Structure formats: C-alpha cells, structure tokens
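This is my_file-v3.csv. It holds CSV, C-alpha atoms.
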```csv
chain,number,residue,atom,x,y,z
A,1,MET,CA,79.2,51.3,90.5
A,2,SER,CA,81.3,48.1,90.6
A,3,PHE,CA,84.9,48.1,91.8
A,4,GLU,CA,86.0,47.2,88.3
A,5,ALA,CA,84.2,50.1,86.8
A,6,GLU,CA,85.7,52.5,89.3
A,7,VAL,CA,89.2,51.2,88.5
A,8,ILE,CA,88.5,51.7,84.8
A,9,SER,CA,87.3,55.3,85.4
A,10,TRP,CA,90.7,56.2,86.9
A,11,LEU,CA,92.8,54.8,84.0
A,12,PRO,CA,93.2,58.2,82.2
A,13,GLN,CA,94.6,59.7,85.4
A,14,LEU,CA,96.9,56.7,86.0
A,15,ARG,CA,98.1,57.0,82.4
A,16,ARG,CA,98.9,60.7,82.8
A,17,TYR,CA,100.8,60.1,86.0
A,18,ALA,CA,102.7,57.1,84.5
A,19,ARG,CA,103.6,59.1,81.4
A,20,ALA,CA,104.9,61.9,83.6
A,21,LEU,CA,107.0,59.5,85.7
A,22,THR,CA,108.5,57.5,82.8
A,23,GLY,CA,108.6,59.9,79.9
A,24,ASP,CA,107.8,56.9,77.7
A,25,ARG,CA,104.4,56.1,76.3
A,26,ALA,CA,104.8,52.3,76.0
A,27,TRP,CA,106.3,51.9,79.5
A,28,ALA,CA,103.5,54.1,80.9
A,29,ASP,CA,100.9,52.0,79.2
A,30,ASP,CA,102.5,48.8,80.6
A,31,LEU,CA,102.6,50.4,84.1
A,32,VAL,CA,98.9,51.3,83.9
A,33,GLN,CA,98.0,47.8,82.8
A,34,ASP,CA,100.1,46.2,85.6
A,35,THR,CA,98.5,48.6,88.1
A,36,ALA,CA,95.0,47.7,86.9
A,37,GLU,CA,95.8,44.0,87.0
A,38,ARG,CA,97.2,44.2,90.5
A,39,ALA,CA,94.3,46.3,91.8
A,40,LEU,CA,91.7,44.0,90.4
A,41,ALA,CA,93.6,40.9,91.7
A,42,ARG,CA,93.8,42.4,95.2
A,43,TRP,CA,90.5,44.2,95.4
A,44,ALA,CA,89.9,42.7,98.8
A,45,ALA,CA,92.9,44.7,100.2
A,46,PHE,CA,91.1,48.0,99.3
A,47,ARG,CA,89.4,49.5,102.3
A,48,PRO,CA,85.8,50.7,101.4
A,49,ASN,CA,85.2,54.4,101.9
A,50,SER,CA,88.9,55.2,101.3
A,51,ASN,CA,90.4,57.0,98.3
A,52,LEU,CA,90.6,54.6,95.4
A,53,ARG,CA,92.6,57.0,93.2
A,54,ALA,CA,95.3,57.4,95.9
A,55,TRP,CA,95.4,53.6,96.3
A,56,LEU,CA,95.8,53.1,92.6
A,57,LEU,CA,98.5,55.8,92.3
A,58,THR,CA,100.4,54.1,95.2
A,59,ILE,CA,100.3,50.8,93.4
A,60,LEU,CA,101.5,52.4,90.2
A,61,ARG,CA,104.4,54.2,92.0
A,62,HIS,CA,105.5,50.9,93.7
A,63,LEU,CA,105.4,49.1,90.4
A,64,TYR,CA,107.4,51.9,88.8
A,65,ILE,CA,110.1,51.8,91.5
A,66,ASP,CA,110.3,48.0,91.3
A,67,GLN,CA,110.8,48.3,87.5
A,68,LEU,CA,113.4,50.9,88.0
A,69,ARG,CA,115.3,48.7,90.4
A,70,GLY,CA,115.0,45.8,87.9
A,71,ARG,CA,116.4,48.0,85.2
A,72,ARG,CA,119.0,49.4,87.6
A,73,GLU,CA,117.9,52.9,86.6
A,74,ILE,CA,117.0,54.5,89.9
A,75,ALA,CA,119.1,57.6,89.1
A,76,VAL,CA,118.5,58.5,85.5
A,77,ASP,CA,120.1,61.8,84.7
A,78,GLU,CA,122.0,60.9,81.6
A,79,GLU,CA,122.0,63.0,78.4
A,80,SER,CA,120.5,60.1,76.4
A,81,ALA,CA,117.4,59.8,78.6
A,82,PRO,CA,114.3,59.6,76.4
A,83,TRP,CA,112.7,62.8,77.7
A,84,ARG,CA,115.8,64.8,76.7
A,85,ASN,CA,115.0,64.3,73.0
A,86,LEU,CA,111.2,64.8,73.1
A,87,GLU,CA,109.9,67.2,70.4
A,88,ALA,CA,107.5,70.0,71.1
A,89,PRO,CA,104.0,69.8,69.7
A,90,GLN,CA,103.9,71.4,66.2
A,91,ARG,CA,100.8,73.6,67.1
A,92,GLU,CA,101.8,76.5,69.2
A,93,VAL,CA,104.6,78.3,71.1
A,94,ASP,CA,103.0,77.0,74.3
A,95,GLY,CA,104.2,73.6,73.2
A,96,LEU,CA,107.8,74.9,73.6
A,97,VAL,CA,107.1,76.1,77.1
A,98,LEU,CA,105.5,72.7,77.9
A,99,ARG,CA,108.6,70.9,76.5
A,100,ASP,CA,110.9,73.1,78.6
A,101,LEU,CA,108.8,72.4,81.6
A,102,GLN,CA,108.8,68.6,80.9
A,103,ARG,CA,112.6,68.6,80.5
A,104,ALA,CA,113.1,70.6,83.7
A,105,LEU,CA,110.7,68.2,85.5
A,106,TYR,CA,112.9,65.3,84.6
A,107,CYS,CA,116.0,67.1,85.9
A,108,LEU,CA,114.5,67.0,89.4
A,109,PRO,CA,115.3,64.3,91.8
A,110,LEU,CA,112.7,61.5,91.8
A,111,GLU,CA,111.3,62.4,95.2
A,112,GLN,CA,110.6,66.0,94.3
A,113,ARG,CA,109.2,65.0,90.9
A,114,GLU,CA,106.8,62.5,92.4
A,115,VAL,CA,105.4,65.0,94.9
A,116,LEU,CA,105.0,67.7,92.3
A,117,LEU,CA,103.2,65.3,90.0
A,118,LEU,CA,100.8,64.1,92.7
A,119,VAL,CA,100.0,67.4,94.2
A,120,CYS,CA,100.1,69.8,91.2
A,121,VAL,CA,99.0,67.5,88.4
A,122,GLU,CA,96.9,64.8,90.0
A,123,GLU,CA,95.6,67.3,92.6
A,124,LEU,CA,96.0,65.0,95.6
A,125,THR,CA,96.0,66.6,99.0
A,126,TYR,CA,99.1,66.6,101.1
A,127,GLN,CA,97.6,63.9,103.2
A,128,GLU,CA,96.7,61.7,100.2
A,129,THR,CA,100.2,62.3,98.8
A,130,SER,CA,101.7,61.4,102.1
A,131,LYS,CA,99.8,58.1,102.2
A,132,ALA,CA,100.6,57.3,98.5
A,133,LEU,CA,104.3,57.9,99.0
A,134,GLY,CA,104.5,56.5,102.6
A,135,VAL,CA,106.2,59.6,104.0
A,136,PRO,CA,105.0,62.1,106.6
A,137,VAL,CA,103.0,65.2,105.5
A,138,GLY,CA,105.9,67.4,106.5
A,139,THR,CA,108.1,65.6,104.1
A,140,VAL,CA,105.6,66.0,101.3
A,141,MET,CA,105.5,69.8,102.0
A,142,SER,CA,109.2,70.0,102.2
A,143,ARG,CA,109.8,68.1,98.9
A,144,LEU,CA,107.1,70.1,97.2
A,145,SER,CA,108.7,73.4,98.3
A,146,ARG,CA,112.2,72.3,97.3
A,147,GLY,CA,110.9,70.8,94.0
A,148,ARG,CA,109.0,74.0,93.1
A,149,GLU,CA,112.1,76.1,93.9
A,150,HIS,CA,114.4,73.8,91.9
A,151,LEU,CA,112.0,73.7,89.0
A,152,ARG,CA,111.8,77.5,89.1
A,153,GLY,CA,115.6,77.8,89.0
A,154,LEU,CA,115.8,75.3,86.1
A,155,LEU,CA,113.2,77.2,84.0
A,156,GLU,CA,114.6,80.7,84.7
A,157,GLY,CA,118.1,79.5,83.5
A,158,PRO,CA,121.3,81.3,84.4
A,159,ALA,CA,120.9,84.8,86.0
A,160,LYS,CA,122.9,87.8,84.7
A,161,GLU,CA,124.8,90.0,87.1
A,162,PRO,CA,123.7,93.6,86.6
A,163,ALA,CA,127.1,95.2,86.9
A,164,THR,CA,129.2,92.8,84.8
A,165,GLY,CA,126.6,91.3,82.5
A,166,THR,CA,128.2,87.9,83.1
A,167,THR,CA,126.1,84.9,83.6
A,168,GLN,CA,126.1,82.8,86.7
A,169,GLY,CA,124.1,79.8,87.9
A,170,PRO,CA,121.2,80.2,90.3
A,171,ALA,CA,122.1,81.8,93.6
A,172,ARG,CA,123.3,79.1,96.0
A,173,LYS,CA,121.8,78.9,99.5
A,174,PRO,CA,124.1,77.7,102.3
A,175,PRO,CA,123.7,74.0,103.0
A,176,LEU,CA,121.5,73.1,105.9
A,177,LYS,CA,123.2,71.9,109.0
A,178,VAL,CA,122.3,68.4,110.1
A,179,VAL,CA,121.4,68.3,113.7
A,180,ARG,CA,121.0,64.9,115.4
A,181,ASN,CA,118.6,64.4,118.3
A,182,PRO,CA,120.4,63.0,121.3
A,183,ARG,CA,118.5,60.1,122.7
```
This entry written out as structure tokens:
Amino acid sequence: MSFEAEVISWLPQLRRYARALTGDRAWADDLVQDTAERALARWAAFRPNSNLRAWLLTILRHLYIDQLRGRREIAVDEESAPWRNLEAPQREVDGLVLRDLQRALYCLPLEQREVLLLVCVEELTYQETSKALGVPVGTVMSRLSRGREHLRGLLEGPAKEPATGTTQGPARKPPLKVVRNPR
C-alpha cells in the first residue's frame, strides 16, 4: 500500500479526533485537511515501521494548538462555547447521555481531554499517547486518571448529604504538596 493510501485510510479516525477536540465540524474538517496536506508534504520525515496513526494524530494536535494560539483561545471555558449548545440526536435517550458526556468532556482541561480522547477513543497505548503528546508515560497515566475522575465527578453532578438532604459539590481532596528536588 502506498504512503498516500495509508494516510487516506486514517482520515476517518483523524476526523473523529478533530471533532472531539474542536466541537466544530467545519474546523475539524479543516484540521484534517491540513494534517493530510502536511503529512503528504513531509512524508520523508515519517520513519518506516513506526506508527503512522500516532504520527498523524501528533501532526493534527500540533496544528490544533497552533490554531488555538492564533485565535487566542487556549483556555475556552466560556458559556458561549459551541459545544455548550449542541443538541442531542433525536433518535434515543442514549443521545442525551452522549450529549452530557460530550459537554462534560469539554469542561475538562485540554491536557486531560487530549489524553482521554487518545487513549479511550482512539485506543492508543500509553506509549503512543506519550509520543503523540511529547510527555512522559507517567504524565499520560496521571492525566488519564485525573481526567477520568474529573469526568466522573462532572457526570455524577452534585452529591446529596444523607442527613440534611442538601446538595454539595463533589468531595474535595486536599491539594497536593509541591516538593522540589534539591540539586
């Protein structure tokens, strides 16, 4: 199979990841097109016998971050964000759960959302995710754990205290103490 054909075969997965990152169909399509163009233009940079999908996802992520910086939207947590107003599919109640999951996903910090998408949706290994994001494997595992916990808290909503019946936010864990290594 030619390099071009292999890149084309990964376009649906790239589109899914781009849609999950951006929450916008047109922006996702543009990202995928830019990713394919860059990959085909720089095919010589791809190392044979390595993971093409991880390489393509890395290119897509870098383009996404560059575009966020260009738009000055690195931290998008505003109420008018496009994913806050997405409608659930008309078919089933499962669509409502999917919508809630999607909205909760976009409430996560970008670092946690990226790891969740790459590991849980794109099914990359921790090592592949580590390489795609340019962070150590331990960081991937930590972000994944914190992301899952944060997502779980967002989906469960406020907890009720049994004695009073009042609602409170998710139980807060004490902040971690930062310890510096003396050198």
Enter the distance from atom CA of Cys120 of chain A to atom CA of Gly70 of chain A, in Å, rounded to one decimal. 28.4 Å
One decimal place gives the atom CA of Leu108 of chain A-atom CA of Leu151 of chain A separation as 7.2 Å
Interatomic distance, atom CA of Arg15 of chain A to atom CA of Glu37 of chain A (Å, one decimal): 14.0 Å
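Considering the residues A:Phe3, A:Glu156, A:Leu52, A:Ile8 and counting all atoms listed in the file, Gln33 of chain A has its shortest atom-to-atom contact with A:Ile8.
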Selection: 10 Å around Arg143 of chain A, all atoms listed in the file, excl. self and same-chain fewer than 2 positions, as a PyMOL selection string: chain A and resi 109+111-116+137-141+145-149
If we count all atoms listed in the file and set the cut-off at 9 Å, which residues sit around Glu122 of chain A, ignoring sequence neighbours fewer than 3 positions away in its own chain? Please answer as a list in words. Gln13, Arg16, Tyr17, Leu116, Leu117, Leu118 and Val119 of chain A
Please provide the set of residues having any atom within 12 Å of Leu63 of chain A, restricted to only C-alpha atoms, with same-chain residues fewer than 2 positions apart removed, written as number ranges by chain. A: 18, 21-22, 27-28, 30-39, 56-61, 65-70
Nearest to Ser130 of chain A by atom-to-atom distance, counting all atoms listed in the file, from A:Leu101, A:Ala44, A:Asp29, A:Trp55: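 For Ser130 of chain A, the nearest of the given residues is A:Trp55.
Each of A:Arg19, A:Arg152, A:Trp43, A:Arg25 was checked against Ser2 of chain A using all atoms listed in the file; the smallest atom-to-atom distance is that of A:Trp43.
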Smallest atom-to-atom distance to Leu154 of chain A: which of A:Tyr64, A:Phe46, A:Tyr106, A:Trp10, using all atoms listed in the file? A:Tyr106
Fill-in result for segment 33-59 of chain A, N, CA and C atoms as an mmCIF file, in the coordinates of the input:
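Now in selection_4.cif:
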```cif
data_model
loop_
_atom_site.group_PDB
_atom_site.id
_atom_site.type_symbol
_atom_site.label_atom_id
_atom_site.label_comp_id
_atom_site.auth_asym_id
_atom_site.auth_seq_id
_atom_site.Cartn_x
_atom_site.Cartn_y
_atom_site.Cartn_z
ATOM 1 N N GLN A 33 98.600 49.133 82.878
ATOM 2 C CA GLN A 33 98.000 47.800 82.800
ATOM 3 C C GLN A 33 98.382 46.945 83.986
ATOM 4 N N ASP A 34 99.646 46.975 84.387
ATOM 5 C CA ASP A 34 100.100 46.200 85.600
ATOM 6 C C ASP A 34 99.369 46.704 86.825
ATOM 7 N N THR A 35 99.173 48.017 86.921
ATOM 8 C CA THR A 35 98.500 48.600 88.100
ATOM 9 C C THR A 35 97.031 48.105 88.123
ATOM 10 N N ALA A 36 96.353 48.161 86.989
ATOM 11 C CA ALA A 36 95.000 47.700 86.900
ATOM 12 C C ALA A 36 94.861 46.219 87.274
ATOM 13 N N GLU A 37 95.775 45.429 86.724
ATOM 14 C CA GLU A 37 95.800 44.000 87.000
ATOM 15 C C GLU A 37 95.963 43.732 88.508
ATOM 16 N N ARG A 38 96.936 44.418 89.106
ATOM 17 C CA ARG A 38 97.200 44.200 90.500
ATOM 18 C C ARG A 38 96.028 44.676 91.372
ATOM 19 N N ALA A 39 95.439 45.815 91.032
ATOM 20 C CA ALA A 39 94.300 46.300 91.800
ATOM 21 C C ALA A 39 93.115 45.379 91.727
ATOM 22 N N LEU A 40 92.841 44.867 90.538
ATOM 23 C CA LEU A 40 91.700 44.000 90.400
ATOM 24 C C LEU A 40 91.966 42.616 91.071
ATOM 25 N N ALA A 41 93.226 42.181 91.052
ATOM 26 C CA ALA A 41 93.600 40.900 91.700
ATOM 27 C C ALA A 41 93.520 41.043 93.221
ATOM 28 N N ARG A 42 93.781 42.229 93.717
ATOM 29 C CA ARG A 42 93.800 42.400 95.200
ATOM 30 C C ARG A 42 92.749 43.385 95.650
ATOM 31 N N TRP A 43 91.603 43.329 95.023
ATOM 32 C CA TRP A 43 90.500 44.200 95.400
ATOM 33 C C TRP A 43 90.100 44.088 96.825
ATOM 34 N N ALA A 44 90.293 42.936 97.409
ATOM 35 C CA ALA A 44 89.900 42.700 98.800
ATOM 36 C C ALA A 44 90.787 43.542 99.762
ATOM 37 N N ALA A 45 91.972 43.936 99.317
ATOM 38 C CA ALA A 45 92.900 44.700 100.200
ATOM 39 C C ALA A 45 92.447 46.197 100.223
ATOM 40 N N PHE A 46 91.595 46.611 99.310
ATOM 41 C CA PHE A 46 91.100 48.000 99.300
ATOM 42 C C PHE A 46 90.075 48.183 100.385
ATOM 43 N N ARG A 47 90.289 49.214 101.206
ATOM 44 C CA ARG A 47 89.400 49.500 102.300
ATOM 45 C C ARG A 47 88.206 50.358 101.748
ATOM 46 N N PRO A 48 86.979 49.895 101.893
ATOM 47 C CA PRO A 48 85.800 50.700 101.400
ATOM 48 C C PRO A 48 85.830 52.073 102.102
ATOM 49 N N ASN A 49 85.288 53.034 101.417
ATOM 50 C CA ASN A 49 85.200 54.400 101.900
ATOM 51 C C ASN A 49 86.559 55.104 101.995
ATOM 52 N N SER A 50 87.592 54.555 101.370
ATOM 53 C CA SER A 50 88.900 55.200 101.300
ATOM 54 C C SER A 50 89.078 55.726 99.869
ATOM 55 N N ASN A 51 90.174 56.389 99.611
ATOM 56 C CA ASN A 51 90.400 57.000 98.300
ATOM 57 C C ASN A 51 90.993 56.019 97.322
ATOM 58 N N LEU A 52 90.178 55.601 96.379
ATOM 59 C CA LEU A 52 90.600 54.600 95.400
ATOM 60 C C LEU A 52 91.708 55.173 94.490
ATOM 61 N N ARG A 53 91.598 56.437 94.106
ATOM 62 C CA ARG A 53 92.600 57.000 93.200
ATOM 63 C C ARG A 53 93.978 57.026 93.900
ATOM 64 N N ALA A 54 94.034 57.420 95.170
ATOM 65 C CA ALA A 54 95.300 57.400 95.900
ATOM 66 C C ALA A 54 95.860 56.003 95.998
ATOM 67 N N TRP A 55 94.995 55.037 96.232
ATOM 68 C CA TRP A 55 95.400 53.600 96.300
ATOM 69 C C TRP A 55 96.002 53.162 94.996
ATOM 70 N N LEU A 56 95.335 53.506 93.902
ATOM 71 C CA LEU A 56 95.800 53.100 92.600
ATOM 72 C C LEU A 56 97.148 53.807 92.239
ATOM 73 N N LEU A 57 97.261 55.093 92.574
ATOM 74 C CA LEU A 57 98.500 55.800 92.300
ATOM 75 C C LEU A 57 99.660 55.229 93.147
ATOM 76 N N THR A 58 99.352 54.777 94.347
ATOM 77 C CA THR A 58 100.400 54.100 95.200
ATOM 78 C C THR A 58 100.840 52.830 94.553
ATOM 79 N N ILE A 59 99.908 52.044 94.080
ATOM 80 C CA ILE A 59 100.300 50.800 93.400
ATOM 81 C C ILE A 59 101.151 51.091 92.193
#
```
